[in-house]
Number of protein chains: 2
Amino acid sequence: MAVGTELLLGQIVDTNSSWMGQRLALAGIDSHFQTKVGDNIDRIVGALRTALDRSDAVIMCGGLGPTQDDITREAIATVMGVELVRHDEILDRIRAMFRARGRDMAESNARQADVPVGASVIAQTRGTAPGLICPVGDKVVYAVPGVPHEMMDMMERAIVPDLQARSGEKAVILSRTLRTWGLAESTLAEAVQPRIDALDRSGGNPTIAFLASGIEGIKVRVTAKAADEATARVMLDAEENELRKLLGDIVFGVDEESMEHAVAARLMAAGLSLGLAESVTGGLVASRLVNVPGASEWFRGSVVAYDPRVKFDVLGVPEGPVITGAAARAMAEGARRVLGADVGLASTGVAGPAAQEGAEVGTVWFGIAMPGEESEAVEVRLPGDRDRIRQFSSISLLDLLRRRLPPAP
Amino acid sequence: MAVGTELLLGQIVDTNSSWMGQRLALAGIDSHFQTKVGDNIDRIVGALRTALDRSDAVIMCGGLGPTQDDITREAIATVMGVELVRHDEILDRIRAMFRARGRDMAESNARQADVPVGASVIAQTRGTAPGLICPVGDKVVYAVPGVPHEMMDMMERAIVPDLQARSGEKAVILSRTLRTWGLAESTLAEAVQPRIDALDRSGGNPTIAFLASGIEGIKVRVTAKAADEATARVMLDAEENELRKLLGDIVFGVDEESMEHAVAARLMAAGLSLGLAESVTGGLVASRLVNVPGASEWFRGSVVAYDPRVKFDVLGVPEGPVITGAAARAMAEGARRVLGADVGLASTGVAGPAAQEGAEVGTVWFGIAMPGEESEAVEVRLPGDRDRIRQFSSISLLDLLRRRLPPAP
């Protein structure tokens, strides 16, 4: 149950519940309903009673803050039929946090130290509001803050383990996601179909699912259920092997490994440094690469040459049209030279709204200059609006480089 | 009520309900609950009965497709206690749509022509499944497809007008959001408190609410209810005036106007071009600016100088420590010179994970070089992880420039 009038008004999209649903599925716990309710005590109490009638456990998210709108604690106490008691050690920790930030604690924050009688506390590691574990008969209500990283931390640390203990769910469910770039979902599905059929014939464990993730590519998720983690991992390893045989180089990463991490690993292994010349991607490629820890070891920088004059004057592109393969190559060579990098990578194209130099919106040229090789240009046509064209250009350009580099050992 | 197991599993985020919540608020209709339920007949029926108990009207979204998972029609018929009857004219229209696409209609699609006895149909303009208006006693259940553009079309064309007619709700509710940067939420709340008190005393219309939006700043939303749109707008204008008197220059935009749009507007009005030198922001500032349509009129580009050598060799920063005010100023001047811009803006700092040059993680220096002025440097300390520090640096740097430029007329 997500609590907050701003959710009902659509001012915030409730992504917390979606994350929780994914996490619970991985833990082998069915979630049957997700409800959003506003900051109204009667409606929160009513929704909580309904939720407890139809479920064994309820996770409430939001409404634990310091303001008068934050009434999740009161609603739970009402349903439990108990009082709220202020816990001094929680209050001390909140005060200490404010002191650490060199500020005094506004008295309103003391409300965050209130706990329903009979409930136990999920200690706050960040933020100020602790989570709650509240027994209601043989059922349970959990409460966590709506701040995503605080919610996720408390889910991992306290709620998922507690739910698994209560449910007696012994089986371990593990997933592994192979991340791909370069094939349409239908083509990818055809390629993987033989494995899906084989698994169905052999009892349907592990299972395979597809998840189209826009500019993050299409994910192929393998989920295995086993008596213990080691067994589940062996099943995942075996299935990953089979899938890689079918998919080959279009798999760029596993689980949280992004395209920029994949490129970084290959550049490090090859001992090569990278410089960029970005026009249509406007700095997006650089901003993705610098999020890889240790990027300073191999990333020199980027010349975002949005104005043609910057292409001519800084990158040494010959004056003339700039949405061409020749310009893309000259930009890549310029990036290598100006930034003192081993590899130069460039993007130039039309993100829209209007055509340019007679080239349609979505026309994008990539340039790549590898050490000791002739520079090359590749043209692609990308769909979508301004932002989407930039985003697709960024990951496509990184994938182009990834395929030119040997796999990291 | 959003129907679909994929929503509970978090494979899709339910943005439809958020859009509906916004739309209903504008129509002056209160929405008290939003529920997600999986493709299970008993649970859909149960959730629908609960929803009808506590609300006058229920909008169901999803589960109207042709597959065996699509059981919203059956659930509604069960709650109404009626049969489903196949409507030939709907079936003909579905067949015609398939013919128009040069395909035969799979028989399963015929299910989409089933209508509960006593329900009326919202004709499909796109897609194949019609919407439904189903009276249940003196209450009503609406059903629309989960495809966003089909849902939105049916909401505008049939559901919102029908709800307004039933509720007799004539009032119009309009909102306006003032976007701020530079004050903590508690400080902002204190500044605005006098207006909140004044409005409470005068009947609580319009109302004021806060919405912390991370790197998009803190939003102050004014909501006015009036007999007609013109009156509501006058109320919003008046309240915006009062708030701007209290908040002054920390208001950088209204509604969808982002910080980059605000900076763009002031640069255009002043007839100035901009060049960047980005180290800690790693291209993020450039990637935000190029999303403003027409950016090519005033944005020259950015030198993402991640490697210190690029700062020295390309931007002409004197060799030495680079996390200093002097380096930030030299970068800003270098950006102006190298990119041929009127204004130079620079960022250098420590995003982490480790300290650098003895400067702690979160230490960031901004440099700004305005035409005909001495360049300046500003130091800030930012909280959070690597990505957060970059993001906050980006908007803070843009805000620094915004405040140096005269407001756009």
# chains A, B, ... in the order shown; residues from 1 in each chain; ligands from 1

call {"tool": "residues_around", "arguments": {"residues": "Leu199 of chain A", "least_positions_apart": "5", "cutoff": "12 Å", "atoms": "only C-alpha atoms", "output": "mmCIF file with all heavy atoms, in the first residue's frame"}}
result
data_model
loop_
_atom_site.group_PDB
_atom_site.id
_atom_site.type_symbol
_atom_site.label_atom_id
_atom_site.label_comp_id
_atom_site.auth_asym_id
_atom_site.auth_seq_id
_atom_site.Cartn_x
_atom_site.Cartn_y
_atom_site.Cartn_z
ATOM 1 N N VAL A 192 15.676 -17.379 -29.388
ATOM 2 C CA VAL A 192 15.697 -18.038 -28.074
ATOM 3 C C VAL A 192 14.661 -19.162 -27.978
ATOM 4 O O VAL A 192 14.742 -20.030 -27.114
ATOM 5 C CB VAL A 192 15.459 -16.986 -26.961
ATOM 6 C CG1 VAL A 192 15.316 -17.628 -25.601
ATOM 7 C CG2 VAL A 192 16.609 -15.989 -26.945
ATOM 8 N N GLN A 193 13.700 -19.179 -28.924
ATOM 9 C CA GLN A 193 12.589 -20.133 -28.846
ATOM 10 C C GLN A 193 13.048 -21.583 -28.602
ATOM 11 O O GLN A 193 12.470 -22.270 -27.753
ATOM 12 C CB GLN A 193 11.734 -20.068 -30.127
ATOM 13 C CG GLN A 193 10.363 -20.727 -29.981
ATOM 14 C CD GLN A 193 9.568 -20.140 -28.814
ATOM 15 O OE1 GLN A 193 9.486 -18.928 -28.659
ATOM 16 N NE2 GLN A 193 9.040 -21.020 -27.973
ATOM 17 N N PRO A 194 14.104 -22.070 -29.281
ATOM 18 C CA PRO A 194 14.530 -23.465 -29.046
ATOM 19 C C PRO A 194 14.793 -23.761 -27.571
ATOM 20 O O PRO A 194 14.407 -24.808 -27.059
ATOM 21 C CB PRO A 194 15.832 -23.575 -29.856
ATOM 22 C CG PRO A 194 15.727 -22.526 -30.911
ATOM 23 C CD PRO A 194 14.906 -21.419 -30.333
ATOM 24 N N GLY A 204 10.045 -27.044 -17.194
ATOM 25 C CA GLY A 204 9.799 -25.606 -17.028
ATOM 26 C C GLY A 204 10.568 -24.939 -15.900
ATOM 27 O O GLY A 204 10.102 -23.957 -15.316
ATOM 28 N N ASN A 205 11.755 -25.440 -15.568
ATOM 29 C CA ASN A 205 12.607 -24.802 -14.571
ATOM 30 C C ASN A 205 14.057 -25.045 -14.961
ATOM 31 O O ASN A 205 14.464 -26.204 -15.062
ATOM 32 C CB ASN A 205 12.330 -25.386 -13.176
ATOM 33 C CG ASN A 205 13.193 -24.749 -12.121
ATOM 34 O OD1 ASN A 205 13.594 -23.604 -12.248
ATOM 35 N ND2 ASN A 205 13.493 -25.512 -11.088
ATOM 36 N N PRO A 206 14.842 -23.989 -15.247
ATOM 37 C CA PRO A 206 14.504 -22.567 -15.151
ATOM 38 C C PRO A 206 13.511 -22.108 -16.230
ATOM 39 O O PRO A 206 13.204 -22.844 -17.145
ATOM 40 C CB PRO A 206 15.856 -21.875 -15.319
ATOM 41 C CG PRO A 206 16.710 -22.841 -16.046
ATOM 42 C CD PRO A 206 16.231 -24.202 -15.669
ATOM 43 N N THR A 207 13.024 -20.853 -16.054
ATOM 44 C CA THR A 207 12.161 -20.241 -17.055
ATOM 45 C C THR A 207 12.898 -19.081 -17.721
ATOM 46 O O THR A 207 13.874 -18.558 -17.172
ATOM 47 C CB THR A 207 10.872 -19.688 -16.413
ATOM 48 O OG1 THR A 207 11.254 -18.735 -15.415
ATOM 49 C CG2 THR A 207 10.070 -20.803 -15.769
ATOM 50 N N ILE A 208 12.401 -18.683 -18.897
ATOM 51 C CA ILE A 208 12.999 -17.566 -19.639
ATOM 52 C C ILE A 208 11.922 -16.518 -19.929
ATOM 53 O O ILE A 208 10.811 -16.868 -20.310
ATOM 54 C CB ILE A 208 13.612 -18.056 -20.972
ATOM 55 C CG1 ILE A 208 14.791 -18.995 -20.686
ATOM 56 C CG2 ILE A 208 14.063 -16.872 -21.824
ATOM 57 C CD1 ILE A 208 15.414 -19.576 -21.945
ATOM 58 N N VAL A 222 16.553 -15.163 -16.970
ATOM 59 C CA VAL A 222 16.461 -16.582 -16.624
ATOM 60 C C VAL A 222 16.170 -16.673 -15.138
ATOM 61 O O VAL A 222 16.841 -16.030 -14.332
ATOM 62 C CB VAL A 222 17.783 -17.311 -16.933
ATOM 63 C CG1 VAL A 222 17.641 -18.801 -16.651
ATOM 64 C CG2 VAL A 222 18.204 -17.063 -18.375
ATOM 65 N N THR A 223 15.132 -17.426 -14.761
ATOM 66 C CA THR A 223 14.764 -17.580 -13.353
ATOM 67 C C THR A 223 14.764 -19.052 -12.986
ATOM 68 O O THR A 223 14.112 -19.861 -13.656
ATOM 69 C CB THR A 223 13.371 -16.976 -13.089
ATOM 70 O OG1 THR A 223 13.369 -15.617 -13.526
ATOM 71 C CG2 THR A 223 13.027 -17.033 -11.607
ATOM 72 N N ALA A 224 15.534 -19.390 -11.941
ATOM 73 C CA ALA A 224 15.657 -20.795 -11.521
ATOM 74 C C ALA A 224 15.196 -20.946 -10.083
ATOM 75 O O ALA A 224 15.472 -20.091 -9.240
ATOM 76 C CB ALA A 224 17.104 -21.258 -11.655
ATOM 77 N N MET A 235 22.182 -23.971 -12.108
ATOM 78 C CA MET A 235 21.163 -23.975 -13.165
ATOM 79 C C MET A 235 21.272 -22.718 -14.021
ATOM 80 O O MET A 235 21.193 -22.771 -15.254
ATOM 81 C CB MET A 235 19.762 -24.075 -12.541
ATOM 82 C CG MET A 235 19.489 -25.405 -11.833
ATOM 83 S SD MET A 235 18.036 -25.309 -10.729
ATOM 84 C CE MET A 235 16.712 -25.182 -11.954
ATOM 85 N N ALA A 238 24.352 -22.844 -16.330
ATOM 86 C CA ALA A 238 24.143 -23.742 -17.477
ATOM 87 C C ALA A 238 23.264 -23.061 -18.531
ATOM 88 O O ALA A 238 23.581 -23.080 -19.729
ATOM 89 C CB ALA A 238 23.496 -25.043 -17.003
ATOM 90 N N GLU A 239 22.175 -22.424 -18.083
ATOM 91 C CA GLU A 239 21.261 -21.806 -19.046
ATOM 92 C C GLU A 239 21.912 -20.590 -19.702
ATOM 93 O O GLU A 239 21.735 -20.352 -20.908
ATOM 94 C CB GLU A 239 19.948 -21.419 -18.377
ATOM 95 C CG GLU A 239 18.829 -21.046 -19.360
ATOM 96 C CD GLU A 239 18.618 -22.098 -20.434
ATOM 97 O OE1 GLU A 239 18.677 -23.298 -20.126
ATOM 98 O OE2 GLU A 239 18.411 -21.712 -21.600
ATOM 99 N N GLU A 242 23.912 -21.859 -22.589
ATOM 100 C CA GLU A 242 23.092 -22.223 -23.747
ATOM 101 C C GLU A 242 22.649 -20.970 -24.498
ATOM 102 O O GLU A 242 22.715 -20.904 -25.730
ATOM 103 C CB GLU A 242 21.861 -23.010 -23.284
ATOM 104 C CG GLU A 242 22.184 -24.365 -22.650
ATOM 105 C CD GLU A 242 22.871 -25.297 -23.642
ATOM 106 O OE1 GLU A 242 22.561 -25.202 -24.854
ATOM 107 O OE2 GLU A 242 23.740 -26.071 -23.212
ATOM 108 N N LEU A 243 22.211 -19.962 -23.757
ATOM 109 C CA LEU A 243 21.697 -18.738 -24.394
ATOM 110 C C LEU A 243 22.810 -17.992 -25.120
ATOM 111 O O LEU A 243 22.626 -17.504 -26.237
ATOM 112 C CB LEU A 243 21.036 -17.833 -23.353
ATOM 113 C CG LEU A 243 19.683 -18.331 -22.840
ATOM 114 C CD1 LEU A 243 19.228 -17.524 -21.635
ATOM 115 C CD2 LEU A 243 18.640 -18.261 -23.956
#

call {"tool": "closest_atom_pairs", "arguments": {"of": "chain A", "to": "chain B", "cutoff": "8 Å", "atoms": "only C-alpha atoms", "output": "CSV"}}
result
residue,atom,partner,partner_atom,distance
A:Leu7,CA,B:Ser18,CA,7.0
A:Leu8,CA,B:Gly21,CA,5.4
A:Leu9,CA,B:Gly21,CA,4.6
A:Gly10,CA,B:Ser18,CA,3.9
A:Gln11,CA,B:Gln22,CA,7.3
A:Ile12,CA,B:Ser18,CA,7.5
A:Val13,CA,B:Ser18,CA,6.0
A:Asp14,CA,B:Asp14,CA,7.6
A:Thr15,CA,B:Val13,CA,6.4
A:Ser17,CA,B:Gly10,CA,7.5
A:Ser18,CA,B:Gly10,CA,4.0
A:Trp19,CA,B:Gly10,CA,5.9
A:Met20,CA,B:Gly10,CA,7.5
A:Gly21,CA,B:Leu9,CA,4.7
A:Gln22,CA,B:Leu9,CA,5.0
A:Ala25,CA,B:Leu9,CA,6.6
A:Ser31,CA,B:Leu8,CA,6.6
A:His32,CA,B:Val37,CA,6.2
A:Phe33,CA,B:Val37,CA,5.0
A:Gln34,CA,B:Lys36,CA,4.9
A:Thr35,CA,B:Thr35,CA,4.3
A:Lys36,CA,B:Gln34,CA,4.9
A:Val37,CA,B:Phe33,CA,5.0
A:Gly38,CA,B:His32,CA,6.4
A:Arg43,CA,B:His32,CA,7.8
A:Leu211,CA,B:Gln11,CA,7.3
A:Thr281,CA,B:Ser287,CA,7.4
A:Gly282,CA,B:Ser287,CA,5.0
A:Gly283,CA,B:Gly283,CA,4.4
A:Leu284,CA,B:Ser287,CA,5.3
A:Val285,CA,B:Gly283,CA,7.9
A:Ala286,CA,B:Gly283,CA,5.5
A:Ser287,CA,B:Gly283,CA,4.9
A:Val290,CA,B:Gly282,CA,6.2
A:Asn291,CA,B:Asp387,CA,6.7
A:Pro293,CA,B:Pro353,CA,7.5
A:Ser296,CA,B:Asp307,CA,6.4
A:Phe299,CA,B:Tyr306,CA,7.0
A:Arg300,CA,B:Asp307,CA,4.8
A:Gly301,CA,B:Tyr306,CA,4.9
A:Ser302,CA,B:Val304,CA,4.7
A:Val303,CA,B:Val303,CA,4.7
A:Val304,CA,B:Ser302,CA,4.7
A:Ala305,CA,B:Gly301,CA,5.0
A:Tyr306,CA,B:Gly301,CA,4.9
A:Asp307,CA,B:Arg300,CA,4.9
A:Val310,CA,B:Leu339,CA,6.0
A:Val314,CA,B:Val338,CA,7.1
A:Val338,CA,B:Val314,CA,7.1
A:Leu339,CA,B:Val310,CA,6.0
A:Gly340,CA,B:Val310,CA,8.0
A:Pro353,CA,B:Pro293,CA,7.6
A:Arg386,CA,B:Asn291,CA,7.4
A:Asp387,CA,B:Asn291,CA,6.7

call {"tool": "residues_around", "arguments": {"residues": "Gly182 of chain A", "least_positions_apart": "4", "cutoff": "9 Å", "atoms": "only C-alpha atoms", "output": "ChimeraX atom specification"}}
result
/A:217-218,250,396,399

call {"tool": "write_last_selection", "arguments": {"atoms": "all heavy atoms", "output": "PDB file, in the first residue's frame"}}
result
ATOM      1  N   GLY A 217      18.174  -1.599 -23.911  1.00  0.00           N
ATOM      2  CA  GLY A 217      18.164  -2.818 -24.705  1.00  0.00           C
ATOM      3  C   GLY A 217      17.069  -3.771 -24.287  1.00  0.00           C
ATOM      4  O   GLY A 217      16.171  -3.417 -23.537  1.00  0.00           O
ATOM      5  N   ILE A 218      17.131  -4.994 -24.798  1.00  0.00           N
ATOM      6  CA  ILE A 218      16.145  -6.015 -24.445  1.00  0.00           C
ATOM      7  C   ILE A 218      16.809  -7.009 -23.499  1.00  0.00           C
ATOM      8  O   ILE A 218      17.916  -7.480 -23.749  1.00  0.00           O
ATOM      9  CB  ILE A 218      15.626  -6.740 -25.698  1.00  0.00           C
ATOM     10  CG1 ILE A 218      14.957  -5.730 -26.634  1.00  0.00           C
ATOM     11  CG2 ILE A 218      14.646  -7.840 -25.299  1.00  0.00           C
ATOM     12  CD1 ILE A 218      14.658  -6.282 -27.997  1.00  0.00           C
ATOM     13  N   ILE A 250      25.598 -10.259 -29.204  1.00  0.00           N
ATOM     14  CA  ILE A 250      24.597  -9.224 -28.903  1.00  0.00           C
ATOM     15  C   ILE A 250      24.369  -9.105 -27.390  1.00  0.00           C
ATOM     16  O   ILE A 250      23.774  -8.146 -26.927  1.00  0.00           O
ATOM     17  CB  ILE A 250      23.249  -9.459 -29.622  1.00  0.00           C
ATOM     18  CG1 ILE A 250      22.487 -10.622 -29.009  1.00  0.00           C
ATOM     19  CG2 ILE A 250      23.447  -9.639 -31.120  1.00  0.00           C
ATOM     20  CD1 ILE A 250      21.010 -10.556 -29.338  1.00  0.00           C
ATOM     21  N   SER A 396      23.974   3.093 -29.056  1.00  0.00           N
ATOM     22  CA  SER A 396      24.408   2.468 -30.312  1.00  0.00           C
ATOM     23  C   SER A 396      25.876   2.774 -30.586  1.00  0.00           C
ATOM     24  O   SER A 396      26.639   1.899 -31.022  1.00  0.00           O
ATOM     25  CB  SER A 396      23.561   2.981 -31.485  1.00  0.00           C
ATOM     26  OG  SER A 396      22.205   2.662 -31.285  1.00  0.00           O
ATOM     27  N   ASP A 399      27.928   0.672 -28.328  1.00  0.00           N
ATOM     28  CA  ASP A 399      27.916  -0.724 -28.767  1.00  0.00           C
ATOM     29  C   ASP A 399      28.833  -0.927 -29.971  1.00  0.00           C
ATOM     30  O   ASP A 399      29.510  -1.949 -30.093  1.00  0.00           O
ATOM     31  CB  ASP A 399      26.484  -1.145 -29.120  1.00  0.00           C
ATOM     32  CG  ASP A 399      26.353  -2.656 -29.267  1.00  0.00           C
ATOM     33  OD1 ASP A 399      26.802  -3.382 -28.351  1.00  0.00           O
ATOM     34  OD2 ASP A 399      25.841  -3.113 -30.308  1.00  0.00           O
TER      35      ASP A 399
END

call {"tool": "select_by_dssp", "arguments": {"residues": "segment 211-350 of chain A", "states": "alpha helix (DSSP H)", "output": "PyMOL selection string"}}
result
chain A and resi 229-247+259-270+284-289+308-313+325-339

call {"tool": "atom_distance", "arguments": {"atom1": "atom CA of Gly168 of chain B", "atom2": "atom CA of Thr231 of chain B"}}
result
19.0 Å

call {"tool": "select_by_dssp", "arguments": {"residues": "segment 336-385 of chain B", "states": "strand (DSSP E)", "output": "PyMOL selection string"}}
result
chain B and resi 343-349+363-369+376-381

call {"tool": "write_last_selection", "arguments": {"atoms": "C-alpha atoms", "output": "short mmCIF file (atom, residue, chain, number, x, y, z; two decimals), in the first residue's frame"}}
result
data_model
loop_
_atom_site.label_atom_id
_atom_site.label_comp_id
_atom_site.auth_asym_id
_atom_site.auth_seq_id
_atom_site.Cartn_x
_atom_site.Cartn_y
_atom_site.Cartn_z
CA VAL B 343 29.75 33.23 -21.53
CA GLY B 344 31.97 30.45 -20.11
CA LEU B 345 30.78 28.09 -17.40
CA ALA B 346 32.88 25.41 -15.69
CA SER B 347 32.70 22.64 -13.09
CA THR B 348 35.51 20.79 -11.31
CA GLY B 349 35.30 18.69 -8.17
CA THR B 363 33.70 19.30 -2.97
CA VAL B 364 32.77 21.13 -6.18
CA TRP B 365 34.08 24.38 -7.68
CA PHE B 366 32.09 26.32 -10.28
CA GLY B 367 33.69 28.85 -12.61
CA ILE B 368 31.80 31.56 -14.49
CA ALA B 369 33.17 34.01 -17.06
CA GLU B 376 34.63 34.17 -10.69
CA ALA B 377 34.71 30.89 -8.78
CA VAL B 378 32.15 29.53 -6.31
CA GLU B 379 32.66 26.54 -4.02
CA VAL B 380 29.83 24.23 -2.93
CA ARG B 381 29.63 21.06 -0.83
#

call {"tool": "residues_around", "arguments": {"residues": "Ala113 of chain B", "least_positions_apart": "5", "cutoff": "8 Å", "atoms": "only C-alpha atoms", "output": "PDB file with all heavy atoms, in the first residue's frame"}}
result
ATOM      1  N   ARG B  86     -22.526 -11.240 -27.198  1.00  0.00           N
ATOM      2  CA  ARG B  86     -21.655 -10.819 -28.294  1.00  0.00           C
ATOM      3  C   ARG B  86     -22.388  -9.842 -29.209  1.00  0.00           C
ATOM      4  O   ARG B  86     -23.479 -10.131 -29.661  1.00  0.00           O
ATOM      5  CB  ARG B  86     -21.172 -12.033 -29.079  1.00  0.00           C
ATOM      6  CG  ARG B  86     -20.106 -11.726 -30.106  1.00  0.00           C
ATOM      7  CD  ARG B  86     -19.208 -12.919 -30.349  1.00  0.00           C
ATOM      8  NE  ARG B  86     -18.467 -13.301 -29.145  1.00  0.00           N
ATOM      9  CZ  ARG B  86     -17.640 -14.351 -29.092  1.00  0.00           C
ATOM     10  NH1 ARG B  86     -17.473 -15.116 -30.151  1.00  0.00           N
ATOM     11  NH2 ARG B  86     -17.007 -14.637 -27.974  1.00  0.00           N
ATOM     12  N   HIS B  87     -21.783  -8.676 -29.468  1.00  0.00           N
ATOM     13  CA  HIS B  87     -22.408  -7.662 -30.313  1.00  0.00           C
ATOM     14  C   HIS B  87     -21.870  -7.767 -31.732  1.00  0.00           C
ATOM     15  O   HIS B  87     -20.674  -7.520 -31.959  1.00  0.00           O
ATOM     16  CB  HIS B  87     -22.144  -6.269 -29.739  1.00  0.00           C
ATOM     17  CG  HIS B  87     -22.987  -5.933 -28.543  1.00  0.00           C
ATOM     18  ND1 HIS B  87     -23.539  -4.687 -28.333  1.00  0.00           N
ATOM     19  CD2 HIS B  87     -23.403  -6.688 -27.499  1.00  0.00           C
ATOM     20  CE1 HIS B  87     -24.222  -4.677 -27.208  1.00  0.00           C
ATOM     21  NE2 HIS B  87     -24.156  -5.893 -26.681  1.00  0.00           N
ATOM     22  N   ASP B  88     -22.758  -8.079 -32.670  1.00  0.00           N
ATOM     23  CA  ASP B  88     -22.308  -8.318 -34.045  1.00  0.00           C
ATOM     24  C   ASP B  88     -21.687  -7.071 -34.670  1.00  0.00           C
ATOM     25  O   ASP B  88     -20.689  -7.150 -35.381  1.00  0.00           O
ATOM     26  CB  ASP B  88     -23.485  -8.801 -34.905  1.00  0.00           C
ATOM     27  CG  ASP B  88     -23.943 -10.190 -34.459  1.00  0.00           C
ATOM     28  OD1 ASP B  88     -23.106 -10.890 -33.836  1.00  0.00           O
ATOM     29  OD2 ASP B  88     -25.105 -10.540 -34.697  1.00  0.00           O
ATOM     30  N   ILE B  90     -20.041  -4.717 -33.291  1.00  0.00           N
ATOM     31  CA  ILE B  90     -18.668  -4.536 -32.805  1.00  0.00           C
ATOM     32  C   ILE B  90     -17.747  -5.547 -33.498  1.00  0.00           C
ATOM     33  O   ILE B  90     -16.664  -5.208 -33.987  1.00  0.00           O
ATOM     34  CB  ILE B  90     -18.594  -4.750 -31.272  1.00  0.00           C
ATOM     35  CG1 ILE B  90     -19.472  -3.739 -30.542  1.00  0.00           C
ATOM     36  CG2 ILE B  90     -17.149  -4.653 -30.793  1.00  0.00           C
ATOM     37  CD1 ILE B  90     -19.530  -3.954 -29.040  1.00  0.00           C
ATOM     38  N   LEU B  91     -18.246  -6.788 -33.581  1.00  0.00           N
ATOM     39  CA  LEU B  91     -17.466  -7.850 -34.221  1.00  0.00           C
ATOM     40  C   LEU B  91     -17.135  -7.479 -35.667  1.00  0.00           C
ATOM     41  O   LEU B  91     -15.997  -7.624 -36.114  1.00  0.00           O
ATOM     42  CB  LEU B  91     -18.255  -9.164 -34.174  1.00  0.00           C
ATOM     43  CG  LEU B  91     -17.522 -10.438 -34.607  1.00  0.00           C
ATOM     44  CD1 LEU B  91     -16.200 -10.571 -33.864  1.00  0.00           C
ATOM     45  CD2 LEU B  91     -18.393 -11.657 -34.359  1.00  0.00           C
ATOM     46  N   ALA B 129     -10.477  -3.285 -28.987  1.00  0.00           N
ATOM     47  CA  ALA B 129     -11.418  -3.473 -27.887  1.00  0.00           C
ATOM     48  C   ALA B 129     -12.174  -2.187 -27.592  1.00  0.00           C
ATOM     49  O   ALA B 129     -11.559  -1.149 -27.385  1.00  0.00           O
ATOM     50  CB  ALA B 129     -10.674  -3.932 -26.633  1.00  0.00           C
ATOM     51  N   PRO B 130     -13.529  -2.251 -27.574  1.00  0.00           N
ATOM     52  CA  PRO B 130     -14.289  -1.073 -27.167  1.00  0.00           C
ATOM     53  C   PRO B 130     -14.218  -0.902 -25.659  1.00  0.00           C
ATOM     54  O   PRO B 130     -13.867  -1.832 -24.941  1.00  0.00           O
ATOM     55  CB  PRO B 130     -15.713  -1.413 -27.605  1.00  0.00           C
ATOM     56  CG  PRO B 130     -15.779  -2.900 -27.549  1.00  0.00           C
ATOM     57  CD  PRO B 130     -14.400  -3.389 -27.892  1.00  0.00           C
TER      58      PRO B 130
END

call {"tool": "residues_around", "arguments": {"residues": "Ala96 of chain A", "least_positions_apart": "6", "cutoff": "12 Å", "atoms": "only C-alpha atoms", "output": "PyMOL selection string"}}
result
chain A and resi 89-90+102-105+127-128

call {"tool": "closest_residue", "arguments": {"among": "B:Ala332, B:Val254, B:Leu163, B:Ala123", "to": "Met370 of chain B", "atoms": "only C-alpha atoms"}}
result
B:Ala332

call {"tool": "closest_residue", "arguments": {"among": "B:Arg388, B:Gly253, B:Gly325, B:Pro406", "to": "Ser375 of chain B", "atoms": "only C-alpha atoms"}}
result
B:Gly325

call {"tool": "closest_residue", "arguments": {"among": "B:Ala265, B:Val82, B:Val160, B:Ala110", "to": "Ile59 of chain B", "atoms": "only C-alpha atoms"}}
result
B:Val160

call {"tool": "atom_distance", "arguments": {"atom1": "atom CA of Ser258 of chain A", "atom2": "atom CA of Gln391 of chain B"}}
result
18.9 Å

call {"tool": "atom_distance", "arguments": {"atom1": "atom CA of Pro145 of chain A", "atom2": "atom CA of Leu52 of chain B"}}
result
29.5 Å

call {"tool": "closest_residue", "arguments": {"among": "B:Glu74, B:Gly65, B:Pro148, B:Pro318", "to": "Asn109 of chain B", "atoms": "only C-alpha atoms"}}
result
B:Gly65

call {"tool": "residues_around", "arguments": {"residues": "Glu185 of chain B", "least_positions_apart": "2", "cutoff": "8 Å", "atoms": "only C-alpha atoms", "output": "PDB file with N, CA and C atoms, in the first residue's frame"}}
result
ATOM      1  N   LEU B 183      16.735  26.615  -1.815  1.00  0.00           N
ATOM      2  CA  LEU B 183      16.313  26.615  -0.415  1.00  0.00           C
ATOM      3  C   LEU B 183      15.948  25.197   0.017  1.00  0.00           C
ATOM      4  N   THR B 187      13.038  25.477   5.028  1.00  0.00           N
ATOM      5  CA  THR B 187      13.215  26.925   4.901  1.00  0.00           C
ATOM      6  C   THR B 187      12.176  27.507   3.952  1.00  0.00           C
ATOM      7  N   LEU B 188      11.951  26.796   2.843  1.00  0.00           N
ATOM      8  CA  LEU B 188      10.950  27.238   1.878  1.00  0.00           C
ATOM      9  C   LEU B 188       9.567  27.263   2.528  1.00  0.00           C
ATOM     10  N   ALA B 189       9.265  26.210   3.300  1.00  0.00           N
ATOM     11  CA  ALA B 189       7.956  26.122   3.952  1.00  0.00           C
ATOM     12  C   ALA B 189       7.754  27.306   4.901  1.00  0.00           C
ATOM     13  N   ALA B 212       8.900  17.973  -2.971  1.00  0.00           N
ATOM     14  CA  ALA B 212      10.350  17.898  -3.161  1.00  0.00           C
ATOM     15  C   ALA B 212      10.626  16.992  -4.349  1.00  0.00           C
ATOM     16  N   ILE B 218      12.483  22.012  -5.536  1.00  0.00           N
ATOM     17  CA  ILE B 218      11.268  21.849  -4.737  1.00  0.00           C
ATOM     18  C   ILE B 218      10.153  22.630  -5.419  1.00  0.00           C
TER      19      ILE B 218
END
